[in-house]
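A.B. asks: Okay, so here is work.cif, and as you'll see once you scroll down, it has mmCIF, C-alpha atoms.
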data_model
loop_
_atom_site.label_atom_id
_atom_site.label_comp_id
_atom_site.auth_asym_id
_atom_site.auth_seq_id
_atom_site.Cartn_x
_atom_site.Cartn_y
_atom_site.Cartn_z
CA MET A 1 -17.33 -37.92 12.84
CA SER A 2 -18.26 -35.94 15.95
CA GLY A 3 -16.63 -32.65 16.88
CA SER A 4 -15.18 -34.17 20.08
CA SER A 5 -13.09 -36.62 18.07
CA PHE A 6 -10.94 -33.69 16.91
CA ASP A 7 -9.93 -32.80 20.48
CA LEU A 8 -6.59 -34.58 20.44
CA GLY A 9 -4.99 -32.61 23.24
CA ASN A 10 -2.57 -30.97 20.82
CA GLN A 11 -2.71 -27.17 20.96
CA ASP A 12 -1.49 -26.94 17.36
CA LEU A 13 -4.64 -28.71 16.18
CA LYS A 14 -7.11 -26.51 18.04
CA PRO A 15 -8.94 -23.57 16.42
CA SER A 16 -7.87 -20.05 17.26
CA TYR A 17 -11.35 -18.85 18.33
CA ARG A 18 -10.55 -15.55 16.64
CA PHE A 19 -14.16 -15.31 15.43
CA ASN A 20 -15.59 -15.21 18.94
CA ALA A 21 -17.65 -12.13 19.87
CA GLU A 22 -15.11 -10.95 22.46
CA ASN A 23 -12.53 -10.60 19.68
CA ILE A 24 -14.58 -8.01 17.79
CA VAL A 25 -13.06 -4.53 17.57
CA THR A 26 -15.06 -1.42 16.65
CA LEU A 27 -13.40 1.15 14.42
CA LEU A 28 -14.84 4.68 14.45
CA VAL A 29 -13.70 6.00 11.10
CA GLY A 30 -13.63 9.60 9.88
CA PRO A 31 -14.98 12.78 11.49
CA GLU A 32 -18.49 11.30 11.47
CA LYS A 33 -17.25 8.20 13.34
CA HIS A 34 -18.52 5.67 10.82
CA SER A 35 -18.66 2.35 12.69
CA MET A 36 -16.84 -0.63 11.21
CA MET A 37 -16.30 -4.04 12.82
CA VAL A 38 -13.23 -6.24 12.53
CA HIS A 39 -11.73 -9.22 14.33
CA SER A 40 -8.72 -8.30 16.44
CA GLY A 41 -6.77 -11.29 15.13
CA TYR A 42 -6.91 -9.84 11.65
CA ILE A 43 -6.31 -6.15 12.25
CA ALA A 44 -3.44 -6.78 14.68
CA ARG A 45 -1.80 -9.48 12.56
CA THR A 46 0.23 -7.27 10.21
CA SER A 47 -0.09 -3.77 11.70
CA GLU A 48 2.23 -2.76 14.52
CA PHE A 49 -0.02 0.24 15.16
CA PHE A 50 -3.19 -1.80 15.73
CA ALA A 51 -1.36 -4.55 17.62
CA SER A 52 -0.01 -1.95 20.05
CA ALA A 53 -3.32 -0.08 20.35
CA LEU A 54 -5.14 -3.26 21.38
CA LYS A 55 -2.85 -4.06 24.29
CA LYS A 56 -4.70 -4.23 27.59
CA GLU A 57 -2.78 -1.31 29.12
CA TRP A 58 -4.32 1.13 26.63
CA ALA A 59 -7.88 2.45 26.61
CA GLU A 60 -8.44 1.04 23.11
CA GLY A 61 -7.46 -2.42 24.30
CA GLN A 62 -9.89 -2.24 27.18
CA THR A 63 -12.85 -0.79 25.28
CA ARG A 64 -12.12 -2.66 22.03
CA THR A 65 -12.78 0.62 20.22
CA ILE A 66 -10.30 2.57 18.09
CA ASN A 67 -10.89 6.10 16.85
CA LEU A 68 -9.55 6.71 13.35
CA GLU A 69 -10.83 10.21 12.70
CA GLU A 70 -8.18 10.99 10.08
CA GLU A 71 -9.07 7.99 7.90
CA THR A 72 -11.95 7.59 5.42
CA PRO A 73 -14.49 4.74 5.44
CA GLY A 74 -13.73 3.92 1.80
CA LEU A 75 -10.00 3.52 2.35
CA MET A 76 -10.60 1.58 5.55
CA ALA A 77 -12.96 -0.78 3.71
CA HIS A 78 -10.25 -1.51 1.13
CA TYR A 79 -7.82 -2.22 3.97
CA LEU A 80 -10.25 -4.64 5.62
CA ASP A 81 -10.78 -6.40 2.28
CA TRP A 82 -7.03 -6.89 2.09
CA LEU A 83 -6.83 -8.16 5.67
CA TYR A 84 -9.56 -10.74 5.22
CA HIS A 85 -9.00 -11.80 1.61
CA ALA A 86 -5.37 -10.84 0.87
CA GLU A 87 -6.60 -9.01 -2.23
CA LEU A 88 -5.80 -5.49 -3.30
CA PRO A 89 -8.58 -3.66 -5.17
CA THR A 90 -6.56 -3.80 -8.41
CA LYS A 91 -5.86 -7.55 -8.25
CA ARG A 92 -8.05 -8.38 -11.25
CA CYS A 93 -6.89 -5.41 -13.33
CA THR A 94 -4.93 -6.39 -16.42
CA SER A 95 -5.64 -3.34 -18.57
CA PHE A 96 -7.24 0.09 -18.36
CA ASP A 97 -9.60 1.55 -20.93
CA SER A 98 -9.19 5.23 -20.03
CA GLU A 99 -6.88 7.74 -18.41
CA SER A 100 -9.40 8.27 -15.61
CA SER A 101 -9.28 4.58 -14.70
CA LYS A 102 -5.49 4.80 -14.50
CA VAL A 103 -5.78 7.79 -12.20
CA VAL A 104 -8.18 5.94 -9.90
CA ALA A 105 -5.98 2.82 -9.75
CA SER A 106 -2.70 4.71 -9.25
CA ASP A 107 -4.11 7.05 -6.62
CA LEU A 108 -5.84 4.26 -4.71
CA LEU A 109 -2.65 2.19 -4.49
CA ALA A 110 -0.74 5.27 -3.39
CA GLU A 111 -3.33 6.13 -0.74
CA LEU A 112 -3.29 2.56 0.57
CA TYR A 113 0.51 2.61 0.74
CA VAL A 114 0.46 5.81 2.78
CA PHE A 115 -2.22 4.26 5.00
CA GLY A 116 0.15 1.35 5.58
CA GLU A 117 2.85 3.87 6.44
CA ARG A 118 0.63 5.52 9.06
CA ARG A 119 -0.50 2.19 10.53
CA LEU A 120 2.94 0.52 10.39
CA ASP A 121 1.81 -2.34 8.16
CA SER A 122 4.82 -3.60 6.21
CA GLU A 123 2.96 -6.50 4.60
CA LEU A 124 0.42 -4.15 3.05
CA ARG A 125 3.14 -1.81 1.81
CA ASN A 126 5.14 -4.65 0.29
CA ALA A 127 2.05 -6.01 -1.46
CA ILE A 128 1.41 -2.60 -2.99
CA ILE A 129 5.03 -2.36 -4.15
CA ALA A 130 4.56 -5.63 -6.05
CA GLU A 131 1.27 -4.36 -7.49
CA PHE A 132 2.80 -1.10 -8.72
CA ILE A 133 5.48 -3.14 -10.49
CA ARG A 134 2.96 -5.60 -11.96
CA LEU A 135 0.73 -2.84 -13.30
CA GLY A 136 3.54 -0.51 -14.36
CA PRO A 137 3.34 -1.07 -18.14
CA ASN A 138 -0.48 -0.90 -18.07
CA LEU A 139 -0.55 2.27 -16.00
CA HIS A 140 1.84 4.05 -18.33
CA ASP A 141 1.28 3.85 -22.05
CA ILE A 142 4.04 6.08 -23.42
CA LEU A 143 2.38 6.58 -26.80
CA GLY A 144 -0.78 7.93 -25.21
CA CYS A 145 0.75 9.31 -22.04
CA GLN A 146 -1.00 11.99 -20.08
CA SER A 147 1.23 12.75 -17.12
CA SER A 148 -1.67 13.80 -14.88
CA HIS A 149 -2.34 10.31 -13.55
CA ARG A 150 1.31 9.83 -12.64
CA VAL A 151 1.58 13.24 -10.98
CA SER A 152 -1.13 12.67 -8.39
CA ALA A 153 0.05 9.21 -7.31
CA ILE A 154 3.67 10.35 -7.03
CA ASN A 155 2.63 13.36 -4.97
CA ILE A 156 0.53 11.22 -2.65
CA ILE A 157 3.53 8.96 -2.06
CA TYR A 158 5.98 11.80 -1.53
CA GLN A 159 3.71 13.75 0.79
CA GLY A 160 2.94 10.71 2.93
CA THR A 161 6.32 8.97 3.29
CA PRO A 162 9.70 9.90 4.78
CA ALA A 163 12.75 10.79 2.73
CA LYS A 164 14.79 7.83 1.47
CA SER A 165 11.84 5.44 1.74
CA ALA A 166 11.89 2.52 -0.67
CA VAL A 167 8.61 3.43 -2.34
CA ARG A 168 9.98 6.84 -3.30
CA ARG A 169 12.88 5.09 -4.98
CA LEU A 170 10.38 2.90 -6.84
CA MET A 171 8.50 5.95 -8.13
CA VAL A 172 11.78 7.36 -9.40
CA ASP A 173 12.90 4.09 -11.00
CA LEU A 174 9.55 3.50 -12.72
CA THR A 175 9.72 7.01 -14.15
CA LEU A 176 13.28 6.48 -15.40
CA ARG A 177 12.27 3.18 -16.98
CA SER A 178 9.41 4.77 -18.88
CA GLY A 179 11.74 7.14 -20.69
CA CYS A 180 8.77 9.44 -21.28
CA PRO A 181 9.57 13.19 -21.51
CA LYS A 182 6.09 14.12 -20.29
CA CYS A 183 6.82 12.47 -16.95
CA TYR A 184 9.87 14.64 -16.31
CA GLY A 185 8.52 18.13 -16.65
CA ALA A 186 5.12 18.33 -14.95
CA ASP A 187 5.02 21.55 -12.93
CA GLU A 188 2.71 20.01 -10.35
CA LEU A 189 5.16 17.31 -9.32
CA ASP A 190 6.47 17.33 -5.76
CA LYS A 191 9.80 19.13 -5.75
CA ALA A 192 11.47 16.42 -3.66
CA PHE A 193 10.54 13.90 -6.35
CA LEU A 194 12.10 16.06 -9.06
CA VAL A 195 15.30 16.31 -7.02
CA ASP A 196 15.41 12.53 -6.52
CA LEU A 197 14.65 11.94 -10.19
CA THR A 198 17.40 14.29 -11.35
CA GLN A 199 19.97 12.72 -9.02
CA ALA A 200 18.99 9.21 -10.14
CA PHE A 201 19.17 10.18 -13.79
CA PHE A 202 22.72 11.54 -13.50
CA ALA A 203 23.73 8.53 -11.40
CA THR A 204 22.83 6.26 -14.32
CA LEU A 205 25.09 8.31 -16.58
CA ASP A 206 28.04 8.21 -14.19
CA GLY A 207 27.61 4.62 -13.03
CA PRO A 208 28.04 1.24 -14.69
CA TYR A 209 24.42 1.16 -15.91
CA SER A 210 22.59 2.82 -18.75
CA LEU A 211 18.84 3.37 -18.92
CA GLU A 212 18.51 0.22 -21.03
CA ASP A 213 20.23 -2.06 -18.54
CA GLU A 214 18.40 -4.71 -16.52
CA ARG A 215 18.56 -2.60 -13.37
CA LEU A 216 16.10 -0.14 -14.89
CA VAL A 217 14.07 -2.62 -16.91
CA GLY A 218 13.10 -5.42 -14.55
CA ALA A 219 12.07 -4.19 -11.12
CA ARG A 220 12.09 -6.76 -8.32
CA PRO A 221 9.60 -6.13 -5.48
CA GLY A 222 12.08 -7.32 -2.86
CA ASN A 223 14.40 -4.43 -3.69
CA TYR A 224 11.77 -1.97 -2.49
CA HIS A 225 10.33 -3.67 0.58
CA ALA A 226 9.43 -1.56 3.59
#
Spell out the structure here as structure tokens.
C.D. replies:
Amino acid sequence: MSGSSFDLGNQDLKPSYRFNAENIVTLLVGPEKHSMMVHSGYIARTSEFFASALKKEWAEGQTRTINLEEETPGLMAHYLDWLYHAELPTKRCTSFDSESSKVVASDLLAELYVFGERRLDSELRNAIIAEFIRLGPNLHDILGCQSSHRVSAINIIYQGTPAKSAVRRLMVDLTLRSGCPKCYGADELDKAFLVDLTQAFFATLDGPYSLEDERLVGARPGNYHA
């Protein structure tokens, strides 16, 4: 069947042409301006920041070049993987064989969430919320807990998100669910997190729920969406 036979005059059946050369955007990432290429249809699809930057009235929209000096090439590459393949870097993780691997996974998810906060990408943030919940039991083995891997991820989240954000509430709830004393007393933890954790703990004592109730056992991603 020839290609012309698909031209049925229906706009809904026509390709988007998003892979044409004129739809290429150059990202200059990091202080060294590492060059990365992406199709505008992908990078503007879920990010309000990039969608706005590529409007014709802005210099970035005219030059098709966006400077991202504060980002890192590695983090940007993970973001582009997610845009093109809808896969987070931890998608195939079902278990972790060391504390260091838990640190890497937790911190990377936290860094990507904060990236999504900076670039106004709710879909990315919501996907990471679901991934934190999926991996929760694997990331935190109470019997062999070393609180260091939880400390860094929590601090990344708290230092890169506004007060009352849903992901902060998730960090608090996951910590309450673990019931692990080591996760309550780490001196390095962000003070705002400790305040939120304390308030949430006493709320469970005063309210209709105990720590064993479903509210603190089965987290639902939709309850923490950005």
A.B. asks: So what does the PyMOL selection byres ((chain A and resi 158) around 12) actually pick up in this one, as JSON, numbers by chain?
C.D. replies: {"A": [110, 111, 113, 114, 117, 151, 152, 153, 154, 155, 156, 157, 159, 160, 161, 162, 163, 164, 165, 166, 167, 168, 169, 170, 171, 172, 189, 190, 191, 192, 193, 194, 195, 196]}
A.B. asks: Of the candidates A:Leu83, A:Phe202, A:Ala51, A:Val38, which one gets nearest to Ala21 of chain A if we count only C-alpha atoms?
C.D. replies: A:Val38
A.B. asks: Restricting the calculation to only C-alpha atoms: of A:Phe50, A:Phe19, A:Phe132, A:Tyr79, which residue gets closest to Tyr224 of chain A?
C.D. replies: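 Of A:Phe50, A:Phe19, A:Phe132, A:Tyr79, the one nearest Tyr224 of chain A is A:Phe132, counting only C-alpha atoms.
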A.B. asks: If you apply the PyMOL selection byres ((chain A and resi 46-49) around 10) to this file, what residues do you get, as a list in words?
C.D. replies: Gly41, Tyr42, Ile43, Ala44, Arg45, Phe50, Ala51, Ser52, Ala53, Leu54, Leu83, Gly116, Glu117, Arg118, Arg119, Leu120, Asp121, Ser122, Glu123 and Leu124 of chain A
A.B. asks: Find the spatial neighbours of Leu108 of chain A, counting all atoms listed in the file, within a cut-off of 9 Å - ignore same-chain residues fewer than 6 positions away - and output them as a PyMOL selection string.
C.D. replies: chain A and resi 75+89-90+153
A.B. asks: If you keep C-alpha atoms, can you produce a file of those selected residues as a compact mmCIF listing (two decimals), keeping the file's coordinate frame?
C.D. replies:
# COMPACT_ATOMS: atom_id res chain seq x y z
CA LEU A 75 -10.00 3.52 2.35
CA PRO A 89 -8.58 -3.66 -5.17
CA THR A 90 -6.56 -3.80 -8.41
CA ALA A 153 0.05 9.21 -7.31
A.B. asks: So what do you get for atom CA of Glu69 of chain A versus atom CA of Pro31 of chain A, distance-wise?
C.D. replies: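 Answer for the atom CA of Glu69 of chain A to atom CA of Pro31 of chain A separation: 5.0 Å.
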A.B. asks: Just how far from atom CA of Met76 of chain A is atom CA of Glu131 of chain A, in Å to one decimal?
C.D. replies: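 Interatomic distance here is 18.6 Å.
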A.B. asks: What separation in Å, quoted to one decimal, exists between atom CA of Leu197 of chain A and atom CA of Leu174 of chain A?
C.D. replies: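 Separation of atom CA of Leu197 of chain A and atom CA of Leu174 of chain A: 10.2 Å.
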A.B. asks: Measuring atom to atom with only C-alpha atoms, identify which of A:Glu32, A:Arg125, A:Lys91, A:Val25 is nearest to Gly61 of chain A.
C.D. replies: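 Among the listed residues, A:Val25 lies closest to Gly61 of chain A.
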A.B. asks: Pick the closest to His34 of chain A from A:Asn126, A:Ala86, A:Leu176, A:Glu71: which is it, counting all atoms listed in the file?
C.D. replies: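 Ranking A:Asn126, A:Ala86, A:Leu176, A:Glu71 by distance to His34 of chain A, first place goes to A:Glu71.
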A.B. asks: Counting only C-alpha atoms, what is within 10 Å of Ser35 of chain A, bar same-chain residues fewer than 5 positions away, as a compact mmCIF listing (two decimals) with C-alpha atoms, keeping the file's coordinate frame?
C.D. replies:
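Dumped everything to out.txt:
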# COMPACT_ATOMS: atom_id res chain seq x y z
CA THR A 26 -15.06 -1.42 16.65
CA LEU A 27 -13.40 1.15 14.42
CA LEU A 28 -14.84 4.68 14.45
CA VAL A 29 -13.70 6.00 11.10
CA GLY A 30 -13.63 9.60 9.88
CA THR A 65 -12.78 0.62 20.22
CA ILE A 66 -10.30 2.57 18.09
CA ASN A 67 -10.89 6.10 16.85
CA PRO A 73 -14.49 4.74 5.44
A.B. asks: Report the residues retrieved by the PyMOL selection byres ((chain A and resi 130) around 10) from the displayed file, expressed as JSON, numbers by chain.
C.D. replies: {"A": [125, 126, 127, 128, 129, 131, 132, 133, 134, 135, 136, 219, 220, 221, 222, 224, 225]}
